[in-house]
$ cat structure-v6.txt   # compact mmCIF, C-alpha atoms
# COMPACT_ATOMS: atom_id res chain seq x y z
CA MET A 1 -39.93 -33.08 38.42
CA LYS A 2 -41.54 -31.94 35.16
CA ASN A 3 -40.18 -28.42 35.52
CA ARG A 4 -36.69 -29.66 36.31
CA VAL A 5 -36.74 -31.67 33.09
CA LEU A 6 -37.83 -28.62 31.08
CA LEU A 7 -35.17 -26.45 32.70
CA GLY A 8 -32.46 -29.02 32.21
CA GLY A 9 -31.78 -29.77 35.85
CA SER A 10 -32.25 -28.50 39.37
CA GLY A 11 -28.90 -26.74 39.86
CA ALA A 12 -28.36 -22.99 39.98
CA GLU A 13 -27.22 -22.85 36.34
CA ALA A 14 -30.56 -24.27 35.18
CA THR A 15 -32.91 -22.55 37.64
CA TRP A 16 -32.44 -19.21 39.39
CA GLY A 17 -29.10 -18.69 37.67
CA ARG A 18 -30.92 -18.06 34.40
CA LEU A 19 -32.01 -14.68 35.77
CA PHE A 20 -28.45 -13.40 36.07
CA LEU A 21 -25.47 -13.20 33.76
CA SER A 22 -22.63 -15.63 34.32
CA ARG A 23 -19.07 -14.30 34.76
CA SER A 24 -18.32 -15.29 31.17
CA GLU A 25 -21.45 -13.57 29.85
CA LEU A 26 -20.68 -10.39 31.80
CA THR A 27 -17.12 -10.40 30.41
CA ALA A 28 -18.49 -10.79 26.88
CA LEU A 29 -20.81 -7.82 27.50
CA ALA A 30 -17.83 -5.77 28.69
CA VAL A 31 -15.88 -6.66 25.54
CA LEU A 32 -18.79 -5.40 23.43
CA LEU A 33 -18.91 -2.17 25.43
CA THR A 34 -15.17 -1.68 24.98
CA ASP A 35 -15.54 -2.28 21.25
CA ARG A 36 -18.22 0.41 21.11
CA PHE A 37 -16.93 3.02 23.59
CA GLY A 38 -13.22 2.28 24.07
CA TRP A 39 -13.48 1.77 27.85
CA ASN A 40 -10.71 -0.04 29.66
CA LEU A 41 -11.15 -2.94 32.04
CA SER A 42 -11.11 -0.91 35.27
CA VAL A 43 -14.21 1.07 34.21
CA TYR A 44 -16.50 -1.92 34.74
CA ASP A 45 -15.75 -2.31 38.46
CA CYS A 46 -17.21 1.08 39.35
CA LEU A 47 -19.48 2.04 36.44
CA PRO A 48 -22.72 3.44 37.93
CA ALA A 49 -26.03 2.66 36.34
CA PRO A 50 -26.64 5.23 33.58
CA THR A 51 -29.37 7.79 33.97
CA ARG A 52 -31.79 8.29 31.12
CA ALA A 53 -34.03 11.00 29.75
CA PRO A 54 -36.00 11.44 26.51
CA SER A 55 -33.91 13.08 23.79
CA VAL A 56 -34.81 16.67 23.00
CA GLY A 57 -37.41 16.77 20.25
CA GLU A 58 -37.54 12.98 20.05
CA THR A 59 -40.09 10.53 21.40
CA ALA A 60 -38.69 7.32 19.92
CA SER A 61 -35.16 7.67 21.30
CA VAL A 62 -33.57 7.89 24.72
CA THR A 63 -30.29 9.48 25.78
CA TYR A 64 -28.15 7.83 28.45
CA GLN A 65 -25.72 9.74 30.64
CA LEU A 66 -22.79 7.67 31.84
CA GLN A 67 -20.24 8.61 34.48
CA ILE A 68 -16.83 7.12 33.68
CA GLU A 69 -14.11 6.89 36.31
CA LYS A 70 -10.51 7.36 35.09
CA ARG A 71 -8.12 6.84 37.96
CA ARG A 72 -4.99 7.48 35.91
CA LYS A 73 -5.89 11.13 35.42
CA GLY A 74 -5.35 11.84 39.11
CA ARG A 75 -7.50 13.20 41.89
CA GLY A 76 -9.88 15.93 40.76
CA HIS A 77 -10.01 14.54 37.21
CA TRP A 78 -11.24 11.03 37.92
CA PHE A 79 -14.72 11.36 36.47
CA SER A 80 -16.05 12.35 33.08
CA THR A 81 -19.59 12.29 31.75
CA GLU A 82 -20.50 10.77 28.41
CA ASN A 83 -23.85 10.95 26.64
CA THR A 84 -25.02 8.36 24.16
CA THR A 85 -28.39 8.02 22.44
CA ASP A 86 -30.35 4.93 21.51
CA SER A 87 -32.13 5.97 18.33
CA GLY A 88 -32.19 2.65 16.54
CA ALA A 89 -30.47 -0.66 15.95
CA ASP A 90 -27.24 0.88 14.64
CA SER A 91 -26.93 3.66 17.22
CA PRO A 92 -24.28 3.51 19.99
CA GLY A 93 -26.90 3.78 22.73
CA ARG A 94 -28.65 0.59 21.63
CA LEU A 95 -25.93 -1.46 23.32
CA ILE A 96 -26.56 0.39 26.59
CA THR A 97 -30.27 -0.47 26.32
CA GLN A 98 -29.43 -4.13 25.74
CA ALA A 99 -26.91 -4.13 28.62
CA LEU A 100 -29.55 -2.75 30.99
CA GLU A 101 -32.02 -5.40 29.86
CA ALA A 102 -29.45 -8.18 30.36
CA THR A 103 -28.56 -7.02 33.87
CA ALA A 104 -32.06 -6.02 34.99
CA HIS A 105 -32.59 -8.95 37.39
CA GLY A 106 -29.13 -8.56 38.89
CA ARG A 107 -29.63 -4.84 39.51
CA ALA A 108 -33.05 -5.46 41.04
CA LEU A 109 -31.73 -8.13 43.43
CA ALA A 110 -28.72 -5.99 44.39
CA ALA A 111 -31.01 -3.03 45.13
CA ARG A 112 -33.17 -5.19 47.43
CA LEU A 113 -30.20 -6.62 49.31
CA ASP A 114 -28.22 -3.36 49.50
CA PRO A 115 -30.15 -0.23 48.43
CA GLY A 116 -26.90 1.75 48.09
CA ILE A 117 -25.60 -0.44 45.26
CA ARG A 118 -26.00 1.14 41.78
CA LEU A 119 -23.59 -1.04 39.80
CA PRO A 120 -25.10 -2.52 36.64
CA MET A 121 -22.23 -4.88 35.77
CA ALA A 122 -23.46 -7.72 37.99
CA ALA A 123 -23.03 -11.47 37.56
CA ARG A 124 -23.83 -14.51 39.67
CA MET A 125 -20.96 -16.05 41.57
CA HIS A 126 -20.10 -19.71 41.13
CA TYR A 127 -19.09 -19.91 44.81
CA PRO A 128 -21.18 -17.35 46.79
CA THR A 129 -19.70 -18.44 50.12
CA ARG A 130 -16.09 -17.90 49.05
CA ARG A 131 -14.29 -15.12 50.97
CA HIS A 132 -13.97 -11.82 49.09
CA GLN A 133 -10.24 -11.24 48.56
CA HIS A 134 -10.07 -8.39 46.03
CA THR A 135 -10.53 -5.48 48.40
CA GLU A 136 -9.90 -2.91 45.69
CA ARG A 137 -13.03 -4.09 43.86
CA PRO A 138 -16.69 -3.80 44.97
CA ARG A 139 -17.68 -6.40 47.54
CA PRO A 140 -20.24 -9.02 46.50
CA VAL A 141 -23.89 -8.71 47.53
CA GLY A 142 -25.67 -12.01 48.10
CA PRO A 143 -24.95 -14.30 45.17
CA LEU A 144 -23.84 -11.37 42.97
CA ALA A 145 -20.34 -10.05 42.16
CA PHE A 146 -19.66 -6.80 40.33
CA GLY A 147 -17.27 -5.75 37.61
CA VAL A 148 -14.83 -7.71 35.48
CA GLY A 149 -11.43 -8.77 36.80
CA HIS A 150 -8.21 -9.64 35.01
CA GLY A 151 -8.84 -13.27 35.76
CA ASP A 152 -12.23 -13.09 34.05
CA ALA A 153 -10.60 -11.50 30.99
CA GLN A 154 -7.83 -14.10 30.83
CA TRP A 155 -10.24 -17.01 31.21
CA TRP A 156 -12.56 -15.58 28.56
CA ALA A 157 -9.63 -15.08 26.15
CA GLN A 158 -8.42 -18.65 26.66
CA ARG A 159 -11.92 -20.03 26.20
CA HIS A 160 -12.24 -18.21 22.88
CA ARG A 161 -8.65 -19.03 21.85
CA LEU A 162 -7.43 -15.44 21.74
CA GLY A 163 -3.71 -14.80 21.72
CA GLY A 164 -3.77 -11.81 24.06
CA ALA A 165 -5.76 -9.62 26.42
CA PRO A 166 -9.20 -9.02 24.84
CA PHE A 167 -9.75 -5.56 26.33
CA ARG A 168 -6.40 -4.10 25.38
CA ARG A 169 -6.63 -5.37 21.81
CA THR A 170 -10.27 -4.39 21.42
CA ARG A 171 -9.66 -0.93 22.83
CA ARG A 172 -6.73 -0.36 20.46
CA THR A 173 -8.89 -1.40 17.52
CA THR A 174 -11.69 0.94 18.63
CA GLU A 175 -9.30 3.87 19.03
CA THR A 176 -7.83 3.47 15.54
CA ARG A 177 -11.25 2.81 14.00
CA GLU A 178 -12.82 5.92 15.53
CA GLY A 179 -9.78 8.04 14.68
CA ARG A 180 -10.18 10.30 17.71
CA PRO A 181 -9.34 10.24 21.43
CA LEU A 182 -12.03 8.45 23.45
CA GLN A 183 -10.75 8.20 27.02
CA HIS A 184 -7.48 10.15 27.07
CA SER A 185 -5.50 13.04 25.61
CA SER A 186 -4.75 13.61 21.92
CA GLY A 187 -1.06 12.96 22.59
CA THR A 188 -1.75 9.55 24.14
CA HIS A 189 -4.20 8.73 21.34
CA GLN A 190 -1.55 9.41 18.69
CA SER A 191 1.54 7.99 20.40
CA VAL A 192 0.07 4.90 22.08
CA TYR A 193 -2.80 3.84 19.82
CA VAL A 194 -2.51 5.34 16.34
CA LEU A 195 1.18 5.51 15.39
CA PRO A 196 2.17 1.98 16.54
CA ASP A 197 -0.82 0.40 14.79
CA GLU A 198 0.32 -1.64 11.77
CA GLN A 199 -2.94 -1.10 9.89
CA VAL A 200 -2.64 2.66 10.35
CA GLN A 201 0.97 2.50 9.18
CA ARG A 202 0.01 0.56 6.06
CA ALA A 203 -2.93 2.87 5.33
CA SER A 204 -0.75 5.95 5.85
CA GLN A 205 2.01 4.80 3.54
CA SER A 206 0.15 5.83 0.40
CA VAL A 207 -0.65 9.21 1.96
CA PHE A 208 3.00 9.84 2.79
CA GLU A 209 4.06 8.72 -0.67
CA ALA A 210 1.53 11.04 -2.31
CA GLY A 211 2.71 13.94 -0.16
CA ALA A 212 6.35 13.25 -1.02
CA ARG A 213 5.54 13.08 -4.73
CA GLU A 214 3.59 16.34 -4.51
CA ALA A 215 6.45 18.05 -2.67
CA LEU A 216 8.92 16.78 -5.25
CA ALA A 217 6.71 18.00 -8.09
CA GLN A 218 6.44 21.42 -6.49
CA ALA A 219 10.18 21.58 -5.98
CA ARG A 220 10.81 20.65 -9.60
CA ALA A 221 8.31 23.28 -10.74
CA VAL A 222 10.34 26.01 -9.00
CA VAL A 223 13.44 26.18 -11.23
CA PHE A 224 15.69 28.74 -12.81
CA ALA A 225 13.67 29.66 -15.91
CA GLY A 226 16.34 31.53 -17.85
CA HIS A 227 19.48 30.42 -19.65
CA VAL A 228 23.08 29.92 -18.54
CA ALA A 229 25.42 31.82 -20.89
CA GLY A 230 29.15 31.58 -21.31
CA ALA A 231 29.69 35.31 -21.60
CA PRO A 232 27.73 38.58 -21.41
CA ASP A 233 25.88 39.93 -24.45
CA PRO A 234 26.22 43.70 -24.94
CA ALA A 235 22.65 43.79 -26.32
CA HIS A 236 21.20 42.54 -23.03
CA GLN A 237 20.17 44.87 -20.23
CA GLN A 238 21.84 44.37 -16.84
CA THR A 239 19.80 43.82 -13.68
CA VAL A 240 20.83 43.10 -10.10
CA THR A 241 20.59 39.31 -10.51
CA ALA A 242 20.85 38.59 -14.26
CA ASP A 243 20.93 40.14 -17.73
CA CYS A 244 17.60 40.60 -19.49
CA ALA A 245 17.30 39.56 -23.14
CA ASP A 246 13.92 41.22 -23.76
CA GLU A 247 12.28 43.49 -21.22
CA THR A 248 9.26 44.08 -23.48
CA SER A 249 8.10 40.44 -23.22
CA SER A 250 8.23 40.24 -19.43
CA PRO A 251 5.76 37.88 -17.70
CA TRP A 252 5.23 40.76 -15.25
CA PRO A 253 4.63 43.82 -17.44
CA GLY A 254 4.31 47.22 -15.80
CA PRO A 255 1.26 49.47 -16.34
CA GLU A 256 3.33 51.80 -18.52
CA GLY A 257 5.33 49.11 -20.27
CA GLY A 258 8.57 47.40 -19.38
CA CYS A 259 9.00 44.91 -16.55
CA ALA A 260 7.54 45.42 -13.07
CA ALA A 261 9.00 42.30 -11.45
CA ASP A 262 11.12 42.20 -8.32
CA PHE A 263 14.78 41.60 -9.22
CA LEU A 264 14.64 38.22 -7.47
CA LEU A 265 11.95 37.19 -9.97
CA CYS A 266 14.43 37.72 -12.79
CA LEU A 267 15.54 34.15 -12.06
CA ALA A 268 11.96 32.96 -12.77
CA CYS A 269 11.86 34.72 -16.17
CA PRO A 270 12.71 33.00 -19.47
CA ASN A 271 14.41 36.23 -20.62
CA ALA A 272 17.09 35.93 -17.88
CA ARG A 273 20.67 35.28 -18.94
CA VAL A 274 23.24 34.33 -16.30
CA HIS A 275 26.94 34.32 -17.18
CA PRO A 276 30.07 33.78 -15.03
CA GLY A 277 30.12 37.46 -14.06
CA HIS A 278 26.88 36.88 -12.12
CA HIS A 279 28.06 33.77 -10.26
CA PRO A 280 29.77 35.46 -7.27
CA ARG A 281 26.81 37.70 -6.51
CA LEU A 282 24.24 34.92 -6.92
CA ALA A 283 26.29 32.45 -4.85
CA HIS A 284 26.54 35.08 -2.10
CA LEU A 285 22.79 35.77 -2.36
CA HIS A 286 22.14 32.03 -2.03
CA GLN A 287 24.30 31.91 1.10
CA VAL A 288 22.60 34.94 2.68
CA LEU A 289 19.07 33.63 2.07
CA GLN A 290 19.96 30.28 3.61
CA SER A 291 21.43 32.03 6.67
CA LEU A 292 18.06 33.69 7.28
CA ARG A 293 16.39 30.33 7.83
CA SER A 294 17.45 29.79 11.44
CA PRO A 295 16.39 33.18 12.90
CA LEU A 296 13.02 33.24 11.10
CA PRO A 297 9.92 31.08 11.72
CA ASP A 298 9.82 28.34 9.09
CA GLY A 299 6.50 29.53 7.66
CA THR A 300 7.74 33.11 7.33
CA TRP A 301 10.98 32.02 5.66
CA GLN A 302 9.21 29.71 3.24
CA GLU A 303 6.73 32.38 2.23
CA ARG A 304 9.35 35.08 1.65
CA TRP A 305 12.45 33.23 0.46
CA GLY A 306 11.58 29.56 -0.17
CA GLU A 307 10.95 29.73 -3.94
CA HIS A 308 13.95 32.01 -4.57
CA VAL A 309 16.27 29.56 -2.82
CA LEU A 310 14.87 26.67 -4.87
CA ARG A 311 15.62 28.60 -8.08
CA LEU A 312 19.14 29.33 -6.86
CA ASP A 313 19.54 25.63 -5.98
CA ASP A 314 18.57 24.73 -9.54
CA LEU A 315 20.87 27.38 -10.99
CA ARG A 316 23.76 26.08 -8.86
CA ASP A 317 23.17 22.59 -10.28
CA LYS A 318 23.19 23.97 -13.82
CA VAL A 319 26.37 25.98 -13.24
CA GLY A 320 28.01 23.14 -11.33
CA PRO A 321 28.76 22.90 -7.60
CA THR A 322 32.51 23.34 -8.11
CA ALA A 323 32.18 26.55 -10.11
CA TRP A 324 29.49 27.82 -7.70
CA THR A 325 31.72 27.29 -4.66
CA ALA A 326 34.70 28.87 -6.39
CA ALA A 327 32.58 31.93 -7.19
CA LEU A 328 32.20 32.67 -3.47
CA ALA A 329 35.90 33.50 -3.36
CA ARG A 330 35.36 36.23 -5.94
CA VAL A 331 32.56 38.09 -4.15
CA ALA A 332 33.28 41.83 -4.24
CA ASP A 333 32.13 44.57 -1.88
CA ALA A 334 29.73 45.81 -4.56
CA ASP A 335 28.13 42.34 -4.68
CA ARG A 336 27.69 42.31 -0.90
CA THR A 337 26.14 45.78 -0.92
CA LEU A 338 23.67 44.94 -3.70
CA VAL A 339 22.66 41.69 -2.03
CA HIS A 340 22.18 43.49 1.30
CA LEU A 341 19.92 46.11 -0.33
CA LEU A 342 18.07 43.44 -2.30
CA VAL A 343 17.29 41.35 0.79
CA LYS A 344 16.16 44.46 2.69
CA GLY A 345 13.76 45.27 -0.15
CA GLU A 346 15.35 48.61 -0.92
CA LEU A 347 15.93 47.89 -4.61
CA THR A 348 13.08 48.19 -7.11
CA PRO A 349 13.09 47.57 -10.86

$ encode --input "structure-v6.txt" --output "structure tokens"
Amino acid sequence: MKNRVLLGGSGAEATWGRLFLSRSELTALAVLLTDRFGWNLSVYDCLPAPTRAPSVGETASVTYQLQIEKRRKGRGHWFSTENTTDSGADSPGRLITQALEATAHGRALAARLDPGIRLPMAARMHYPTRRHQHTERPRPVGPLAFGVGHGDAQWWAQRHRLGGAPFRRTRRTTETREGRPLQHSSGTHQSVYVLPDEQVQRASQSVFEAGAREALAQARAVVFAGHVAGAPDPAHQQTVTADCADETSSPWPGPEGGCAADFLLCLACPNARVHPGHHPRLAHLHQVLQSLRSPLPDGTWQERWGEHVLRLDDLRDKVGPTAWTAALARVADADRTLVHLLVKGELTP
């Protein structure tokens, strides 16, 4: 009588039941494991007891090896092995140590009743004599049931006033927090867990904005650096793409004086002077460079022609789209030939 008073009663909950986790306690343990490792609900029905060995070079830590079953990957790819180390209170393996301690009595009883059972996720049943109906899940052994079912998850969520499935929500949070695939491919990690996550979307917004601002700044930095003139100046020297006001002050001086720049770089030089006589050739050059974009890899095109096209875009805006389009009707054979040689790299300053 005295012991019953100390224990709080003589029923299973107050006596032998204290040695084993309840269904609710086992579900709570599974939620913690999902929060740490990103496992889904089906893992807990067939998770074998982890093996353990001292960590290499360590005496105060232990490494657990866990075999995770993933049925969705198909036959031949069902199992994967994960290692986790308990090296202290904040280490991932500490939760495995605590889980083994919490389920120790259940595992010991299961091993006595059925030596082939190696399932650590064991809990006492409220109705041990009830017929086992979930044939896809491990059968009970004595008063013990194994794994966590959808009903357990739903009941636990309702008890704790959660608005949805605890494992799905916890796993999604773990995936986005870790920032790497845990139980599936990189594609699934990105498309199913990362991209739809509202927190990730909010956090990424500033990154996208910064990238857009940087791209805009770079685009604005690549402009036509010369001057648009109304007519040619006889004192200026003609080049393939513009007239040069002062070859001796070139930003790209040659070893023996003069300018050593490619003719396309004339448009990046402050000494360049573009007048209406240049418009047909430059408009045709602009058209040809843009036509090269589809047959070339994007990286190759950007490296070779990207900046030149941006300068021509800026020059077109300075000249005016109407005048630029009209200039295409005045393209002569000589313009086409020079542009062809220029694009092939057969013209040098």

$ residues_near_point --input "structure-v6.txt" --point "(-18.8, 8.9, 35.2)" --cutoff "12 Å" --atoms "only C-alpha atoms" --output "list of chain:residue names"
A:Trp39, A:Val43, A:Tyr44, A:Cys46, A:Leu47, A:Pro48, A:Ala49, A:Pro50, A:Thr51, A:Tyr64, A:Gln65, A:Leu66, A:Gln67, A:Ile68, A:Glu69, A:Lys70, A:Arg71, A:His77, A:Trp78, A:Phe79, A:Ser80, A:Thr81, A:Glu82, A:Asn83, A:Leu119, A:Gln183

$ residues_around --input "structure-v6.txt" --residues "A:Asp262" --least-positions-apart "2" --cutoff "12 Å" --atoms "all atoms listed in the file" --output "PyMOL selection string"
chain A and resi 239-242+250-254+259-260+264-269+308+342-343+345-349

$ residues_around --input "structure-v6.txt" --residues "A:Asp314" --least-positions-apart "5" --cutoff "10 Å" --atoms "only C-alpha atoms" --output "list in words"
Ala219, Arg220, Val222, Val223, Phe224, Ala225, His308, Val309, Val319 and Gly320 of chain A

$ atom_distance --input "structure-v6.txt" --atom1 "atom CA of A:Arg23" --atom2 "atom CA of A:Arg112"
21.0 Å

$ atom_distance --input "structure-v6.txt" --atom1 "atom CA of A:Val331" --atom2 "atom CA of A:Gly277"
10.2 Å

$ residues_around --input "structure-v6.txt" --residues "A:Pro166" --least-positions-apart "6" --cutoff "9 Å" --atoms "only C-alpha atoms" --output "number ranges by chain"
A: 31, 153-154, 156-157

$ write_last_selection --input "structure-v6.txt" --atoms "C-alpha atoms" --output "short mmCIF file (atom, residue, chain, number, x, y, z; two decimals), keeping the file's coordinate frame"
data_model
loop_
_atom_site.label_atom_id
_atom_site.label_comp_id
_atom_site.auth_asym_id
_atom_site.auth_seq_id
_atom_site.Cartn_x
_atom_site.Cartn_y
_atom_site.Cartn_z
CA VAL A 31 -15.88 -6.66 25.54
CA ALA A 153 -10.60 -11.50 30.99
CA GLN A 154 -7.83 -14.10 30.83
CA TRP A 156 -12.56 -15.58 28.56
CA ALA A 157 -9.63 -15.08 26.15
#

$ atom_distance --input "structure-v6.txt" --atom1 "atom CA of A:Gly258" --atom2 "atom CA of A:His236"
14.0 Å
